[in-house]
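For reference, the structure is listed below as structure tokens.
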Amino acid sequence: MEAFVILVQAAAESAPKSPNLWGALGCALAYSGALFATVDSFADLLLVRDGAVDGRVSPAVRLKSGSKLAASGITVVSAGIVLALDANWFAFTALSIAFAVLVGISALVLVRHRAKAALAA
């Protein structure tokens with residue numbers, strides 16, 4: 001009988017845990033906040049270049065934009081680590097792909113705008 005109890009306890013301890021849905025929701029909010037900060041940083045760069053006389057960006061705006069990008073990078077990495085530690089691979093993959101695609105589109109818009117401005121000058 002004691003061997004049966006030990007066997008049941010071992011099976012209960014080794015059973016896979018279901019993903020933490022509240023943790024996934026929190027990480028999704030972190031990813032969305034990081035995405036907003038990244039797109040906002042790119043928008044700042046676009047708006048400042050359009051409004052400047054010589055088209056150059058001041059060091060303060062570069063620092064502001066860089067700090068937004070750094071904060072969003074830290075947020076995405078830490079949220080990804082949380083999802084990976086929770087073994088929530090679906091949320092990790094879906095959020096990472098969505099973040100990469102949207103940031104890629106935003107970066108493409110930024111580069112395209114820069115090239116268009118260079119051709120106009």
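Residue numbers start at 1 in each chain; chains themselves are named A, B, ... in the order of the structure tokens; ligands are numbered from 1 in the order shown.
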
I want to know what sits within 7 Å of segment 76-84 of chain A, based on only C-alpha atoms, with residues of the same chain fewer than 3 positions away left out; could you give that as an mmCIF file with N, CA, C and O atoms, in the first residue's frame?
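Dumped to part35.cif:
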data_model
loop_
_atom_site.group_PDB
_atom_site.id
_atom_site.type_symbol
_atom_site.label_atom_id
_atom_site.label_comp_id
_atom_site.auth_asym_id
_atom_site.auth_seq_id
_atom_site.Cartn_x
_atom_site.Cartn_y
_atom_site.Cartn_z
ATOM 1 N N ALA A 24 0.269 34.784 -18.938
ATOM 2 C CA ALA A 24 0.282 35.048 -20.378
ATOM 3 C C ALA A 24 -0.401 36.376 -20.690
ATOM 4 O O ALA A 24 0.054 37.125 -21.562
ATOM 5 N N CYS A 27 1.999 39.125 -19.760
ATOM 6 C CA CYS A 27 3.067 39.220 -20.754
ATOM 7 C C CYS A 27 2.564 39.809 -22.059
ATOM 8 O O CYS A 27 3.283 40.552 -22.731
ATOM 9 N N ALA A 30 2.587 43.398 -21.529
ATOM 10 C CA ALA A 30 3.964 43.903 -21.597
ATOM 11 C C ALA A 30 4.430 44.011 -23.043
ATOM 12 O O ALA A 30 5.062 44.999 -23.430
ATOM 13 N N TYR A 31 4.123 43.004 -23.857
ATOM 14 C CA TYR A 31 4.487 43.056 -25.271
ATOM 15 C C TYR A 31 3.798 44.237 -25.959
ATOM 16 O O TYR A 31 4.410 44.935 -26.762
ATOM 17 N N ALA A 34 5.475 47.441 -24.987
ATOM 18 C CA ALA A 34 6.763 47.558 -25.662
ATOM 19 C C ALA A 34 6.574 47.915 -27.129
ATOM 20 O O ALA A 34 7.331 48.707 -27.692
ATOM 21 N N SER A 72 11.731 49.043 -24.322
ATOM 22 C CA SER A 72 10.888 48.038 -24.976
ATOM 23 C C SER A 72 11.661 46.742 -25.187
ATOM 24 O O SER A 72 11.096 45.657 -25.067
ATOM 25 N N GLY A 73 12.945 46.828 -25.466
ATOM 26 C CA GLY A 73 13.758 45.608 -25.587
ATOM 27 C C GLY A 73 13.840 44.841 -24.284
ATOM 28 O O GLY A 73 13.691 43.616 -24.260
ATOM 29 N N ALA A 87 6.670 27.681 -19.677
ATOM 30 C CA ALA A 87 6.479 26.697 -20.755
ATOM 31 C C ALA A 87 5.215 26.987 -21.556
ATOM 32 O O ALA A 87 4.566 26.086 -22.050
ATOM 33 N N ASN A 88 4.899 28.249 -21.705
ATOM 34 C CA ASN A 88 3.763 28.672 -22.516
ATOM 35 C C ASN A 88 4.299 29.034 -23.902
ATOM 36 O O ASN A 88 4.422 30.202 -24.269
ATOM 37 N N TRP A 89 4.630 28.016 -24.663
ATOM 38 C CA TRP A 89 5.306 28.208 -25.940
ATOM 39 C C TRP A 89 4.394 28.827 -26.994
ATOM 40 O O TRP A 89 4.867 29.543 -27.869
ATOM 41 N N PHE A 92 4.377 32.556 -26.214
ATOM 42 C CA PHE A 92 5.717 33.066 -26.495
ATOM 43 C C PHE A 92 5.928 33.236 -28.000
ATOM 44 O O PHE A 92 6.373 34.281 -28.469
#

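Every protein, DNA or RNA residue with an atom at most 9 Å from Gly33 of chain A, where only C-alpha atoms count and chain neighbours fewer than 5 positions away do not, is listed here: Ala28, Thr38, Ser72 and Thr75 of chain A.
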
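For Ala60 of chain A, the list of residues within 12 Å, based on only C-alpha atoms and with local chain neighbours fewer than 6 positions off taken out, reads Asp44, Leu45, Val48, Gly66 and Ser67 of chain A.
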
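Nearest-residue note for Leu110 of chain A: choosing from A:Asn20, A:Leu47, A:Ile97, A:Leu69, the minimum distance belongs to A:Leu47, counting only C-alpha atoms.
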
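With distances restricted to only C-alpha atoms, A:Leu35 is the closest residue to Val101 of chain A from A:Lys116, A:Ile6, A:Leu35, A:Lys17.
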